[in-house]
file run.txt (compact mmCIF, C-alpha atoms)
# COMPACT_ATOMS: atom_id res chain seq x y z
CA MET A 1 86.88 -93.49 199.73
CA SER A 2 87.92 -90.94 202.37
CA ASP A 3 84.73 -88.92 201.76
CA LEU A 4 82.61 -92.00 202.41
CA ARG A 5 84.64 -92.85 205.52
CA SER A 6 84.07 -89.30 206.84
CA GLU A 7 80.35 -89.59 206.17
CA VAL A 8 80.16 -92.93 208.01
CA GLU A 9 82.08 -91.49 210.97
CA LEU A 10 79.36 -88.84 211.36
CA CYS A 11 76.48 -91.29 210.96
CA CYS A 12 73.70 -91.23 213.55
CA ALA A 13 71.14 -93.22 211.53
CA CYS A 14 70.69 -95.94 214.17
CA PRO A 15 71.25 -96.24 217.94
CA LEU A 16 74.66 -97.94 217.53
CA HIS A 17 76.36 -94.56 217.21
CA GLU A 18 75.52 -93.93 220.88
CA THR A 19 77.58 -96.90 222.15
CA ARG A 20 80.43 -97.14 219.62
CA LYS A 21 83.96 -96.16 220.48
CA THR A 22 84.96 -95.92 216.82
CA VAL A 23 83.54 -96.52 213.37
CA VAL A 24 85.05 -99.65 211.81
CA PHE A 25 85.20 -98.77 208.13
CA GLY A 26 87.61 -101.24 206.50
CA ARG A 27 91.25 -102.12 205.94
CA GLY A 28 93.52 -103.52 203.29
CA ASN A 29 94.19 -102.80 199.66
CA PRO A 30 91.46 -100.59 198.14
CA ALA A 31 92.58 -101.76 194.66
CA ALA A 32 92.22 -105.46 195.56
CA ASN A 33 90.25 -107.82 193.36
CA LEU A 34 89.03 -109.71 196.44
CA VAL A 35 86.90 -108.15 199.18
CA PHE A 36 85.80 -109.94 202.35
CA VAL A 37 82.61 -108.63 203.97
CA GLY A 38 81.87 -109.64 207.55
CA GLU A 39 78.86 -108.93 209.70
CA ALA A 40 79.71 -106.39 212.41
CA PRO A 41 82.66 -105.30 214.54
CA GLY A 42 83.35 -106.96 217.85
CA HIS A 43 84.87 -105.47 221.00
CA GLU A 44 88.49 -105.46 219.80
CA GLU A 45 87.50 -104.04 216.43
CA ASP A 46 85.57 -101.23 218.14
CA GLN A 47 88.62 -100.46 220.28
CA GLN A 48 91.08 -100.41 217.35
CA GLY A 49 88.82 -99.10 214.58
CA GLU A 50 89.70 -101.93 212.17
CA PRO A 51 87.74 -105.04 211.17
CA PHE A 52 88.86 -108.55 212.04
CA VAL A 53 91.62 -107.79 214.55
CA GLY A 54 90.47 -110.19 217.27
CA GLU A 55 90.62 -113.97 217.43
CA ALA A 56 88.33 -114.33 214.39
CA GLY A 57 90.61 -111.92 212.53
CA ARG A 58 93.64 -114.04 213.31
CA LEU A 59 91.81 -117.05 211.88
CA LEU A 60 90.90 -115.05 208.77
CA GLU A 61 94.57 -114.13 208.35
CA ARG A 62 95.51 -117.82 208.58
CA ILE A 63 92.90 -118.59 205.90
CA LEU A 64 94.38 -115.86 203.71
CA PHE A 65 97.90 -117.21 204.30
CA ALA A 66 96.75 -120.70 203.27
CA MET A 67 95.38 -119.12 200.08
CA GLY A 68 98.78 -117.55 199.40
CA LEU A 69 97.50 -114.08 200.32
CA SER A 70 97.84 -111.58 203.13
CA ALA A 71 95.55 -108.91 204.56
CA ASP A 72 97.44 -106.40 202.38
CA ASP A 73 96.37 -108.28 199.22
CA VAL A 74 92.63 -108.02 199.95
CA TYR A 75 90.16 -105.53 201.38
CA ILE A 76 88.24 -106.42 204.55
CA CYS A 77 85.13 -104.64 205.80
CA ASN A 78 81.82 -105.28 207.56
CA LEU A 79 78.17 -104.81 206.74
CA ILE A 80 77.64 -102.94 210.03
CA LYS A 81 80.20 -100.22 210.76
CA CYS A 82 79.55 -99.88 214.52
CA ARG A 83 79.69 -102.57 217.19
CA PRO A 84 76.37 -103.93 218.41
CA PRO A 85 76.42 -104.04 222.25
CA ALA A 86 77.63 -107.35 223.72
CA ASN A 87 78.42 -108.54 220.16
CA ARG A 88 74.75 -109.33 219.59
CA ASP A 89 73.38 -109.91 216.09
CA PRO A 90 72.62 -106.70 214.20
CA HIS A 91 68.99 -105.57 214.34
CA ALA A 92 67.04 -105.03 211.12
CA ASN A 93 67.07 -101.23 211.50
CA GLU A 94 70.87 -101.29 211.89
CA VAL A 95 71.27 -103.34 208.71
CA VAL A 96 68.96 -100.94 206.86
CA ALA A 97 70.96 -97.95 208.13
CA CYS A 98 74.38 -99.38 207.20
CA GLU A 99 73.63 -101.24 203.97
CA PRO A 100 73.79 -98.11 201.76
CA TYR A 101 77.29 -97.37 203.10
CA LEU A 102 78.45 -100.89 202.28
CA LYS A 103 76.93 -100.69 198.80
CA ARG A 104 78.76 -97.41 198.13
CA GLN A 105 81.96 -98.83 199.60
CA LEU A 106 81.78 -101.87 197.30
CA ALA A 107 81.02 -99.65 194.29
CA LEU A 108 84.16 -97.62 195.05
CA LEU A 109 86.30 -100.74 195.60
CA LYS A 110 85.15 -102.42 192.36
CA PRO A 111 86.21 -105.96 193.34
CA THR A 112 86.00 -108.89 190.95
CA ILE A 113 85.09 -111.24 193.83
CA ILE A 114 83.29 -110.70 197.13
CA VAL A 115 83.42 -113.28 199.91
CA THR A 116 80.72 -112.81 202.53
CA LEU A 117 81.56 -114.07 205.99
CA GLY A 118 78.47 -115.18 207.87
CA ARG A 119 74.73 -115.01 207.60
CA PHE A 120 74.02 -111.26 207.76
CA ALA A 121 76.50 -110.26 205.07
CA ALA A 122 75.39 -113.04 202.71
CA GLN A 123 71.67 -112.55 203.22
CA THR A 124 71.89 -108.76 202.95
CA LEU A 125 73.97 -108.62 199.77
CA LEU A 126 71.98 -111.39 198.11
CA GLY A 127 68.60 -110.13 199.33
CA VAL A 128 67.56 -113.57 200.58
CA GLN A 129 66.74 -115.27 203.90
CA THR A 130 68.39 -118.57 202.95
CA PRO A 131 70.75 -119.93 205.65
CA VAL A 132 74.44 -119.44 204.88
CA SER A 133 74.87 -123.22 205.18
CA ARG A 134 72.77 -123.55 202.00
CA LEU A 135 74.27 -120.52 200.23
CA ARG A 136 77.93 -121.39 200.76
CA GLY A 137 79.92 -123.37 198.23
CA GLN A 138 78.06 -121.87 195.27
CA TRP A 139 78.78 -118.78 193.22
CA HIS A 140 76.22 -116.01 193.38
CA SER A 141 76.18 -112.52 191.91
CA TYR A 142 75.99 -109.13 193.58
CA GLU A 143 75.64 -106.17 191.19
CA GLY A 144 77.46 -108.20 188.53
CA VAL A 145 80.28 -109.21 190.89
CA ALA A 146 80.96 -112.88 191.70
CA LEU A 147 80.05 -113.56 195.33
CA MET A 148 80.97 -116.59 197.43
CA PRO A 149 79.22 -116.88 200.81
CA THR A 150 80.98 -118.83 203.53
CA PHE A 151 80.96 -119.23 207.29
CA HIS A 152 82.23 -116.45 209.54
CA PRO A 153 85.60 -117.13 211.23
CA ALA A 154 83.95 -116.60 214.65
CA TYR A 155 81.60 -119.49 213.80
CA LEU A 156 84.60 -121.62 212.85
CA LEU A 157 86.13 -120.97 216.28
CA ARG A 158 83.00 -122.50 217.83
CA SER A 159 82.55 -125.18 215.13
CA PRO A 160 86.01 -126.17 213.87
CA GLN A 161 84.54 -129.16 212.01
CA GLU A 162 83.23 -126.63 209.42
CA LYS A 163 86.73 -125.45 208.44
CA LYS A 164 86.86 -128.03 205.65
CA GLN A 165 83.80 -126.48 204.00
CA VAL A 166 85.34 -122.99 204.21
CA TRP A 167 88.53 -124.32 202.63
CA GLU A 168 86.43 -125.77 199.78
CA ASP A 169 84.87 -122.32 199.32
CA MET A 170 88.28 -120.60 199.39
CA THR A 171 89.64 -123.10 196.85
CA LYS A 172 86.87 -122.01 194.47
CA VAL A 173 87.82 -118.38 195.12
CA LYS A 174 91.49 -119.16 194.43
CA GLN A 175 90.53 -120.85 191.18
CA ARG A 176 88.42 -117.89 190.06
CA LEU A 177 91.28 -115.52 190.93
CA GLY A 178 93.65 -117.70 188.90
CA LEU A 179 95.79 -118.56 191.94
CA VAL A 180 95.59 -122.32 191.25
CA SER A 181 95.45 -124.24 188.05
CA VAL A 182 92.60 -126.61 187.49
CA THR A 183 93.53 -129.92 185.90
CA PRO A 184 90.86 -131.17 183.48
CA THR A 185 89.52 -134.63 184.18
CA ASP A 186 88.47 -137.24 181.63

call {"tool": "encode", "arguments": {"input": "run.txt", "output": "structure tokens"}}
result
Amino acid sequence: MSDLRSEVELCCACPLHETRKTVVFGRGNPAANLVFVGEAPGHEEDQQGEPFVGEAGRLLERILFAMGLSADDVYICNLIKCRPPANRDPHANEVVACEPYLKRQLALLKPTIIVTLGRFAAQTLLGVQTPVSRLRGQWHSYEGVALMPTFHPAYLLRSPQEKKQVWEDMTKVKQRLGLVSVTPTD
């Protein structure tokens, strides 16, 4: 993984390298069964060099806690490894430049479950243009790995009424990980 990180730190494949402070590669347990993939780093992430350390990161940590997990039990990364200026959406050329790094990162991590956080991560890994609101709540597959799309924590900060849907998604993830028992119904 360190070779890939070094390669990403030298990347100049898109204009984002000109404005980044740091590359935001990933954090957590590289042997984790569960990997969360977000969209792109924000300001605080660019400053600290780690994904999900701002307000959205604190919400993600609360979600993990509610699942009975911590950030040390999972691996967290982003599709885009450099911050888009003013936290704008990633441009198509930036996604194209970073996607191979994410694919290699996921191949090295070998998770059993991937949770995508937000539209760009879900659409990119699934190769679709379907809105995340229609993708979420259902299991998909990425390179043979179970994938659950859900809303990004930053979206939940703006739309707290959607937290219930994310919890439904995370309950399905917990079940697949064997963290909760499922009682059969008649």

call {"tool": "atom_distance", "arguments": {"input": "run.txt", "atom1": "CA of Gly57 in chain A", "atom2": "CA of Gly144 in chain A"}}
result
27.6 Å

call {"tool": "atom_distance", "arguments": {"input": "run.txt", "atom1": "CA of His140 in chain A", "atom2": "CA of Pro51 in chain A"}}
result
23.9 Å

call {"tool": "closest_residue", "arguments": {"input": "run.txt", "among": "A:Thr22, A:Asn93, A:Gln129, A:Thr116", "to": "Tyr75 in chain A", "atoms": "only C-alpha atoms"}}
result
A:Thr116

call {"tool": "closest_residue", "arguments": {"input": "run.txt", "among": "A:Arg62, A:Tyr155, A:Ala31, A:Glu94", "to": "Val132 in chain A", "atoms": "only C-alpha atoms"}}
result
A:Tyr155

call {"tool": "residues_around", "arguments": {"input": "run.txt", "residues": "Arg119 in chain A", "least_positions_apart": "4", "cutoff": "12 Å", "atoms": "all atoms listed in the file", "output": "ChimeraX atom specification"}}
result
/A:37-40,79,89-90,115,123-136,149-155

call {"tool": "write_last_selection", "arguments": {"input": "run.txt", "atoms": "C-alpha atoms", "output": "PDB file, in the frame of the given file"}}
result
ATOM      1  CA  VAL A  37      82.610-108.630 203.970  1.00  0.00           C
ATOM      2  CA  GLY A  38      81.870-109.640 207.550  1.00  0.00           C
ATOM      3  CA  GLU A  39      78.860-108.930 209.700  1.00  0.00           C
ATOM      4  CA  ALA A  40      79.710-106.390 212.410  1.00  0.00           C
ATOM      5  CA  LEU A  79      78.170-104.810 206.740  1.00  0.00           C
ATOM      6  CA  ASP A  89      73.380-109.910 216.090  1.00  0.00           C
ATOM      7  CA  PRO A  90      72.620-106.700 214.200  1.00  0.00           C
ATOM      8  CA  VAL A 115      83.420-113.280 199.910  1.00  0.00           C
ATOM      9  CA  GLN A 123      71.670-112.550 203.220  1.00  0.00           C
ATOM     10  CA  THR A 124      71.890-108.760 202.950  1.00  0.00           C
ATOM     11  CA  LEU A 125      73.970-108.620 199.770  1.00  0.00           C
ATOM     12  CA  LEU A 126      71.980-111.390 198.110  1.00  0.00           C
ATOM     13  CA  GLY A 127      68.600-110.130 199.330  1.00  0.00           C
ATOM     14  CA  VAL A 128      67.560-113.570 200.580  1.00  0.00           C
ATOM     15  CA  GLN A 129      66.740-115.270 203.900  1.00  0.00           C
ATOM     16  CA  THR A 130      68.390-118.570 202.950  1.00  0.00           C
ATOM     17  CA  PRO A 131      70.750-119.930 205.650  1.00  0.00           C
ATOM     18  CA  VAL A 132      74.440-119.440 204.880  1.00  0.00           C
ATOM     19  CA  SER A 133      74.870-123.220 205.180  1.00  0.00           C
ATOM     20  CA  ARG A 134      72.770-123.550 202.000  1.00  0.00           C
ATOM     21  CA  LEU A 135      74.270-120.520 200.230  1.00  0.00           C
ATOM     22  CA  ARG A 136      77.930-121.390 200.760  1.00  0.00           C
ATOM     23  CA  PRO A 149      79.220-116.880 200.810  1.00  0.00           C
ATOM     24  CA  THR A 150      80.980-118.830 203.530  1.00  0.00           C
ATOM     25  CA  PHE A 151      80.960-119.230 207.290  1.00  0.00           C
ATOM     26  CA  HIS A 152      82.230-116.450 209.540  1.00  0.00           C
ATOM     27  CA  PRO A 153      85.600-117.130 211.230  1.00  0.00           C
ATOM     28  CA  ALA A 154      83.950-116.600 214.650  1.00  0.00           C
ATOM     29  CA  TYR A 155      81.600-119.490 213.800  1.00  0.00           C
TER      30      TYR A 155
END

call {"tool": "atom_distance", "arguments": {"input": "run.txt", "atom1": "CA of Glu168 in chain A", "atom2": "CA of Asn87 in chain A"}}
result
27.9 Å

call {"tool": "decode", "arguments": {"input": "run.txt", "residues": "range 3-15 of chain A", "atoms": "N, CA, C and O atoms", "output": "CSV table (one decimal), in the first residue's frame"}}
result
chain,number,residue,atom,x,y,z
A,3,ASP,N,3.6,1.8,-1.6
A,3,ASP,CA,4.1,2.1,-2.9
A,3,ASP,C,3.0,2.9,-3.7
A,3,ASP,O,3.3,3.9,-4.4
A,4,LEU,N,1.7,2.5,-3.5
A,4,LEU,CA,0.6,3.2,-4.2
A,4,LEU,C,0.5,4.6,-3.6
A,4,LEU,O,0.3,5.5,-4.3
A,5,ARG,N,0.6,4.7,-2.3
A,5,ARG,CA,0.5,6.0,-1.6
A,5,ARG,C,1.6,6.9,-2.2
A,5,ARG,O,1.3,8.1,-2.6
A,6,SER,N,2.8,6.4,-2.3
A,6,SER,CA,3.9,7.3,-2.9
A,6,SER,C,3.6,7.7,-4.3
A,6,SER,O,3.9,8.8,-4.7
A,7,GLU,N,3.0,6.8,-5.1
A,7,GLU,CA,2.7,7.1,-6.5
A,7,GLU,C,1.6,8.2,-6.5
A,7,GLU,O,1.7,9.1,-7.3
A,8,VAL,N,0.6,8.1,-5.7
A,8,VAL,CA,-0.5,9.1,-5.6
A,8,VAL,C,0.1,10.4,-5.2
A,8,VAL,O,-0.3,11.4,-5.7
A,9,GLU,N,1.0,10.4,-4.3
A,9,GLU,CA,1.6,11.7,-3.8
A,9,GLU,C,2.4,12.4,-4.9
A,9,GLU,O,2.5,13.6,-4.8
A,10,LEU,N,2.8,11.7,-5.9
A,10,LEU,CA,3.5,12.3,-7.0
A,10,LEU,C,2.6,12.6,-8.2
A,10,LEU,O,3.1,13.2,-9.2
A,11,CYS,N,1.4,12.3,-8.1
A,11,CYS,CA,0.5,12.4,-9.2
A,11,CYS,C,0.3,13.9,-9.7
A,11,CYS,O,0.1,14.8,-8.9
A,12,CYS,N,0.3,14.0,-11.0
A,12,CYS,CA,0.1,15.3,-11.6
A,12,CYS,C,-0.9,15.1,-12.8
A,12,CYS,O,-0.9,15.9,-13.8
A,13,ALA,N,-1.7,14.1,-12.7
A,13,ALA,CA,-2.6,13.7,-13.9
A,13,ALA,C,-3.8,14.7,-14.1
A,13,ALA,O,-4.4,14.6,-15.2
A,14,CYS,N,-4.1,15.5,-13.1
A,14,CYS,CA,-5.2,16.5,-13.3
A,14,CYS,C,-4.8,17.8,-12.6
A,14,CYS,O,-3.8,17.8,-11.8
A,15,PRO,N,-5.5,18.9,-12.9
A,15,PRO,CA,-5.1,20.2,-12.3
A,15,PRO,C,-5.2,20.3,-10.7
A,15,PRO,O,-4.6,21.2,-10.2
